[in-house]
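File shown: target.cif. Contents: mmCIF, C-alpha atoms.
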data_protein
loop_
_atom_site.label_atom_id
_atom_site.label_comp_id
_atom_site.auth_asym_id
_atom_site.auth_seq_id
_atom_site.Cartn_x
_atom_site.Cartn_y
_atom_site.Cartn_z
CA MET A 273 85.65 113.34 67.43
CA LYS A 274 86.08 110.95 64.53
CA PRO A 275 87.02 107.42 65.61
CA SER A 276 90.09 105.48 64.59
CA LEU A 277 89.64 104.15 61.06
CA SER A 278 89.73 100.60 62.42
CA ARG A 279 87.24 101.18 65.23
CA ARG A 280 83.64 100.19 64.62
CA ASN A 281 80.66 102.30 65.65
CA LEU A 282 77.45 100.52 66.53
CA VAL A 283 73.91 101.25 67.65
CA ALA A 284 72.25 98.08 68.89
CA GLY A 285 68.66 97.77 70.04
CA ASN A 286 67.41 95.24 72.59
CA TRP A 287 63.69 94.53 72.57
CA LYS A 288 63.99 92.06 75.47
CA MET A 289 60.72 90.09 75.92
CA TYR A 290 58.38 92.67 74.45
CA TYR A 291 56.13 92.93 71.42
CA ALA A 292 53.59 90.55 69.97
CA PRO A 293 54.01 89.84 66.22
CA GLU A 294 51.58 92.56 65.15
CA LYS A 295 53.50 95.17 67.17
CA ALA A 296 56.75 94.01 65.62
CA GLN A 297 55.23 94.51 62.19
CA ALA A 298 54.06 98.01 63.17
CA TRP A 299 57.60 98.81 64.35
CA VAL A 300 59.01 97.75 60.99
CA GLU A 301 56.56 99.97 59.12
CA GLN A 302 57.38 102.89 61.41
CA TYR A 303 61.12 102.42 61.03
CA ILE A 304 61.05 102.05 57.26
CA GLN A 305 59.08 105.29 56.99
CA GLU A 306 61.96 107.02 58.79
CA TYR A 307 64.68 105.41 56.70
CA PRO A 308 65.40 107.40 53.52
CA THR A 309 65.93 105.30 50.43
CA ASN A 310 69.26 106.99 49.66
CA ALA A 311 70.63 106.95 53.22
CA VAL A 312 74.26 105.88 53.64
CA PHE A 313 75.36 104.97 57.15
CA GLN A 314 78.99 104.38 58.05
CA ILE A 315 77.96 102.94 61.39
CA GLU A 316 76.68 99.45 62.12
CA ILE A 317 73.06 98.94 63.17
CA ALA A 318 71.74 95.85 64.94
CA LEU A 319 68.36 95.00 66.41
CA HIS A 320 68.11 92.17 68.94
CA VAL A 321 64.66 90.64 68.92
CA PRO A 322 63.03 87.62 70.61
CA PHE A 323 63.99 84.28 69.06
CA PRO A 324 60.69 83.72 67.16
CA PHE A 325 61.05 87.07 65.34
CA ILE A 326 64.59 86.65 64.03
CA THR A 327 63.93 85.18 60.59
CA HIS A 328 60.86 87.34 59.93
CA MET A 329 62.68 90.54 60.85
CA CYS A 330 65.71 89.55 58.76
CA ASN A 331 63.53 88.99 55.72
CA ILE A 332 61.75 92.34 56.03
CA LEU A 333 64.49 94.74 57.15
CA SER A 334 67.18 93.40 54.81
CA LYS A 335 65.08 94.50 51.83
CA TYR A 336 64.99 98.16 52.81
CA THR A 337 67.72 98.90 55.37
CA PRO A 338 71.22 97.85 56.49
CA VAL A 339 69.87 96.80 59.91
CA GLN A 340 71.29 93.46 61.04
CA ILE A 341 69.19 91.25 63.29
CA GLY A 342 70.59 89.76 66.46
CA ALA A 343 69.64 87.39 69.25
CA GLN A 344 69.48 88.28 72.93
CA ASN A 345 71.07 85.07 74.18
CA VAL A 346 72.51 81.73 73.06
CA ALA A 347 72.96 78.29 74.64
CA PHE A 348 76.22 77.48 76.43
CA ALA A 349 76.56 74.19 74.49
CA TYR A 350 76.88 73.34 70.82
CA GLU A 351 73.98 70.86 71.01
CA GLY A 352 72.48 68.32 73.39
CA PRO A 353 69.61 67.58 75.78
CA TYR A 354 68.98 71.19 76.81
CA THR A 355 65.23 71.68 76.60
CA GLY A 356 64.27 75.24 75.73
CA GLU A 357 67.75 76.34 74.65
CA VAL A 358 68.76 77.72 71.23
CA SER A 359 72.21 76.97 69.82
CA ALA A 360 74.56 79.25 67.93
CA SER A 361 74.13 77.20 64.75
CA MET A 362 70.35 77.60 65.03
CA LEU A 363 70.77 81.35 65.37
CA ARG A 364 72.90 81.47 62.25
CA ALA A 365 70.35 79.41 60.32
CA ALA A 366 67.62 81.81 61.46
CA GLY A 367 69.63 84.75 60.10
CA ALA A 368 71.10 86.29 63.25
CA ARG A 369 74.23 88.36 62.69
CA TYR A 370 74.76 89.57 66.27
CA CYS A 371 74.19 88.11 69.73
CA ILE A 372 74.05 89.79 73.14
CA ILE A 373 75.96 87.77 75.72
CA GLY A 374 76.23 88.23 79.48
CA HIS A 375 73.47 90.81 79.91
CA SER A 376 73.01 91.66 83.59
CA GLU A 377 69.50 90.20 83.49
CA ARG A 378 70.99 86.89 82.37
CA ARG A 379 73.67 87.07 85.05
CA GLN A 380 71.26 87.97 87.85
CA LEU A 381 68.06 86.13 86.96
CA PHE A 382 69.54 83.05 85.30
CA TYR A 383 72.82 82.87 87.23
CA GLU A 384 75.07 82.85 84.20
CA THR A 385 78.74 82.57 85.07
CA ASP A 386 81.77 84.15 83.47
CA GLU A 387 82.81 80.67 82.30
CA GLN A 388 79.49 80.14 80.51
CA ILE A 389 79.69 83.60 78.99
CA VAL A 390 83.13 82.99 77.48
CA THR A 391 81.94 79.66 76.12
CA LYS A 392 78.98 81.40 74.48
CA ILE A 393 81.31 83.90 72.83
CA GLU A 394 83.39 81.05 71.42
CA LEU A 395 80.29 79.27 70.10
CA VAL A 396 78.78 82.27 68.31
CA GLN A 397 82.12 83.21 66.79
CA ARG A 398 82.40 79.71 65.30
CA GLU A 399 79.16 80.52 63.47
CA GLU A 400 80.45 83.95 62.37
CA ILE A 401 77.97 85.73 64.65
CA LEU A 402 79.23 88.92 66.26
CA PRO A 403 79.07 88.89 70.07
CA ILE A 404 78.20 91.90 72.22
CA LEU A 405 79.55 91.25 75.71
CA CYS A 406 77.82 93.14 78.52
CA VAL A 407 79.71 94.20 81.64
CA GLY A 408 78.75 96.51 84.48
CA GLU A 409 78.35 97.03 88.20
CA THR A 410 75.37 97.20 90.56
CA ALA A 411 74.49 100.31 92.57
CA GLU A 412 75.93 98.71 95.70
CA GLU A 413 79.21 97.90 93.94
CA ARG A 414 79.52 101.46 92.64
CA GLN A 415 78.83 102.90 96.08
CA ALA A 416 81.55 100.67 97.48
CA ASN A 417 83.99 101.96 94.81
CA ARG A 418 84.26 98.48 93.31
CA THR A 419 83.29 99.32 89.72
CA GLN A 420 86.73 98.75 88.24
CA LYS A 421 87.28 95.54 90.21
CA VAL A 422 83.93 94.14 89.08
CA ILE A 423 84.56 94.91 85.42
CA THR A 424 88.12 93.57 85.58
CA LYS A 425 86.75 90.31 86.99
CA GLN A 426 84.07 90.13 84.25
CA LEU A 427 86.77 90.49 81.58
CA GLU A 428 89.39 88.28 83.22
CA LEU A 429 88.50 85.08 81.37
CA ILE A 430 88.24 86.96 78.08
CA PHE A 431 91.88 87.93 78.43
CA GLU A 432 92.93 84.48 79.61
CA LYS A 433 91.32 82.84 76.56
CA GLN A 434 92.06 85.55 74.03
CA GLU A 435 93.96 83.11 71.80
CA ASP A 436 90.71 81.15 71.36
CA LEU A 437 88.65 84.26 70.61
CA ASP A 438 88.65 86.73 67.73
CA LEU A 439 88.61 89.87 69.84
CA LYS A 440 88.72 92.27 66.91
CA TYR A 441 85.09 91.33 66.22
CA LEU A 442 84.00 91.58 69.85
CA THR A 443 81.93 94.53 71.07
CA VAL A 444 81.95 95.35 74.78
CA ALA A 445 78.85 97.04 76.16
CA TYR A 446 79.31 98.87 79.43
CA GLU A 447 75.89 98.71 81.08
CA PRO A 448 75.84 99.84 84.71
CA VAL A 449 73.14 97.66 86.25
CA TRP A 450 71.77 100.58 88.24
CA ALA A 451 71.07 102.52 85.03
CA ILE A 452 69.28 99.82 83.03
CA GLY A 453 65.59 100.62 82.72
CA SER A 454 65.82 103.13 85.56
CA GLY A 455 65.54 106.30 83.54
CA LYS A 456 68.67 107.44 85.40
CA PRO A 457 71.64 106.85 83.11
CA ALA A 458 75.25 107.34 84.00
CA THR A 459 76.50 110.80 83.16
CA PRO A 460 78.54 111.03 79.95
CA GLU A 461 81.59 111.71 82.12
CA GLN A 462 80.99 108.61 84.27
CA ALA A 463 80.51 106.48 81.18
CA GLN A 464 83.62 107.88 79.49
CA GLU A 465 85.70 107.15 82.59
CA ILE A 466 84.74 103.47 82.55
CA HIS A 467 85.03 103.14 78.77
CA ALA A 468 88.55 104.54 78.97
CA PHE A 469 89.30 102.10 81.82
CA ILE A 470 88.06 99.16 79.73
CA ARG A 471 90.14 100.29 76.75
CA GLU A 472 93.19 100.53 79.01
CA LEU A 473 92.58 96.97 80.22
CA PHE A 474 92.61 95.79 76.62
CA ARG A 475 95.82 97.75 76.01
CA GLN A 476 97.50 96.08 78.98
CA GLU A 477 96.27 92.57 78.20
CA CYS A 478 96.06 92.54 74.38
CA GLY A 479 98.28 95.38 73.20
CA PRO A 480 97.66 98.88 71.80
CA GLU A 481 96.41 97.76 68.40
CA MET A 482 93.56 95.76 69.93
CA ALA A 483 92.79 98.51 72.42
CA ASN A 484 92.40 101.00 69.59
CA ARG A 485 90.27 98.58 67.58
CA ILE A 486 87.86 97.22 70.20
CA ALA A 487 84.37 98.71 70.02
CA ILE A 488 83.02 99.79 73.41
CA ILE A 489 79.44 101.01 73.63
CA TYR A 490 77.28 102.36 76.44
CA GLY A 491 73.93 100.99 77.60
CA GLY A 492 71.58 102.04 80.36
CA SER A 493 68.60 104.36 79.81
CA VAL A 494 69.93 105.69 76.51
CA ASN A 495 67.36 107.81 74.67
CA THR A 496 67.11 110.50 72.01
CA GLU A 497 67.72 113.23 74.60
CA ASN A 498 71.04 111.96 75.95
CA ALA A 499 72.53 109.73 73.22
CA GLY A 500 74.47 112.49 71.51
CA LYS A 501 76.19 113.49 74.75
CA PHE A 502 77.47 109.95 75.15
CA PHE A 503 78.60 109.74 71.52
CA GLU A 504 80.68 112.91 71.91
CA GLN A 505 82.95 111.08 74.37
CA PRO A 506 86.16 109.81 72.73
CA ASP A 507 85.98 106.24 74.05
CA ILE A 508 82.25 105.65 73.54
CA ASP A 509 81.70 104.02 70.15
CA GLY A 510 77.92 103.67 70.22
CA ALA A 511 75.04 102.45 72.34
CA LEU A 512 73.07 99.40 73.39
CA VAL A 513 69.55 100.80 73.52
CA GLY A 514 66.73 99.22 75.52
CA GLY A 515 63.38 100.96 75.89
CA ALA A 516 64.06 103.56 73.20
CA SER A 517 64.60 100.80 70.64
CA LEU A 518 60.95 99.80 71.01
CA ASN A 519 60.04 102.91 69.05
CA GLY A 520 61.15 102.96 65.42
CA HIS A 521 61.36 106.77 65.33
CA SER A 522 63.56 106.93 68.44
CA PHE A 523 65.83 104.11 67.31
CA PHE A 524 66.41 105.79 63.96
CA GLU A 525 67.10 109.18 65.57
CA ILE A 526 69.74 107.66 67.86
CA GLN A 527 71.43 106.12 64.82
CA GLN A 528 71.45 109.49 63.10
CA GLN A 529 73.08 111.11 66.12
CA LEU A 530 75.90 108.55 66.15
CA GLN A 531 76.47 108.95 62.41
CA GLN A 532 76.53 112.75 62.58
CA ILE A 533 78.91 112.88 65.55
CA LYS A 534 81.39 110.18 64.55
CA TYR A 535 81.27 110.86 60.80
CA PRO A 536 80.43 114.54 60.35
CA THR A 537 79.79 115.72 56.84
CA PRO A 538 82.99 117.27 55.44
CA PRO A 539 82.75 120.97 54.55
CA LEU A 540 82.05 121.86 50.95
CA PRO A 541 85.07 123.21 49.00
CA ASN A 542 85.24 126.97 48.47
#

Hey, can you dump this file as structure tokens for me?
Amino acid sequence: MKPSLSRRNLVAGNWKMYYAPEKAQAWVEQYIQEYPTNAVFQIEIALHVPFPFITHMCNILSKYTPVQIGAQNVAFAYEGPYTGEVSASMLRAAGARYCIIGHSERRQLFYETDEQIVTKIELVQREEILPILCVGETAEERQANRTQKVITKQLELIFEKQEDLDLKYLTVAYEPVWAIGSGKPATPEQAQEIHAFIRELFRQECGPEMANRIAIIYGGSVNTENAGKFFEQPDIDGALVGGASLNGHSFFEIQQQLQQIKYPTPPLPN
């Protein structure tokens, strides 16, 4: 199914805290070998790397591919005495085009709040960095039939502060916590159900135009074997890829699947 003309399609990779510099360089060489010199992608491609790699990866990949480099996190303040933090303006100076915000690992391990997450979205948007907001439920919350309530709560402040945000450039990533890194993804049908629910929330809170425009992608054990099945769903606009993005071949193949499904080659004239 071809998406609405205004809806973006995105494959984003998340390296998390993996790869020494030499492995990052090997990944680049592997990926560039896959990428044909005449390739034209109508989808967006982003790779979120550790902070120290951002500028280096921007410099290399921008020469050969349309891949945009992103950060995995950003500080909740513009500047100040926050040892170890990296601000949105620093990310922009380093070359970051995207930023993951509110990943479940940040929520659970670093106790990030919904208030901090909305502030981070505001800060990166001031620097013209595109935010990818992660939402999703734990296994216990799903078993208790609380998935929709959890996601509604995670989006509540977004809707309350929508006048301060540029939602048309926001990407929402549905990442069920129980699927991340587990090798047990949601089924395409489960993912589609929640993506459709999220889109309906945007319709109710922001209107039909925004609901049709918002990009909603799936994350959680996405790989080359299952990506296409997710992309065939009408409300799934792409993927946030974890482990499979650590392999240049796999990451490229997932991009190809999204391109082929959302933008199939038109038939040749008779």

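Minimum distance to A:Val422 across A:Ile452, A:Ala311, A:Val396, A:Ile470 (counting all atoms listed in the file) occurs at A:Ile470.
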
**OP:** State, in Å with one decimal place, the distance from atom CA of A:Asn286 to atom CA of A:Gln426.
**Re:** 21.0 Å

Original post:
Quick one: distance from atom CA of A:Gln388 to atom CA of A:His375 in Å, one decimal?
Top reply: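 Interatomic distance, atom CA of A:Gln388 to atom CA of A:His375: 12.3 Å.
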
Subject >> Distance of atom CA of A:Phe431 from atom CA of A:Glu384, expressed in Å to one decimal place >> reply: 18.5 Å

Original post:
Leaving out A:Gln302 and any residue of its chain fewer than 6 positions from it, which residues lie within 9 Å of it when counting only C-alpha atoms, given as an NGL selection string?
Top reply: :A and (519-521)
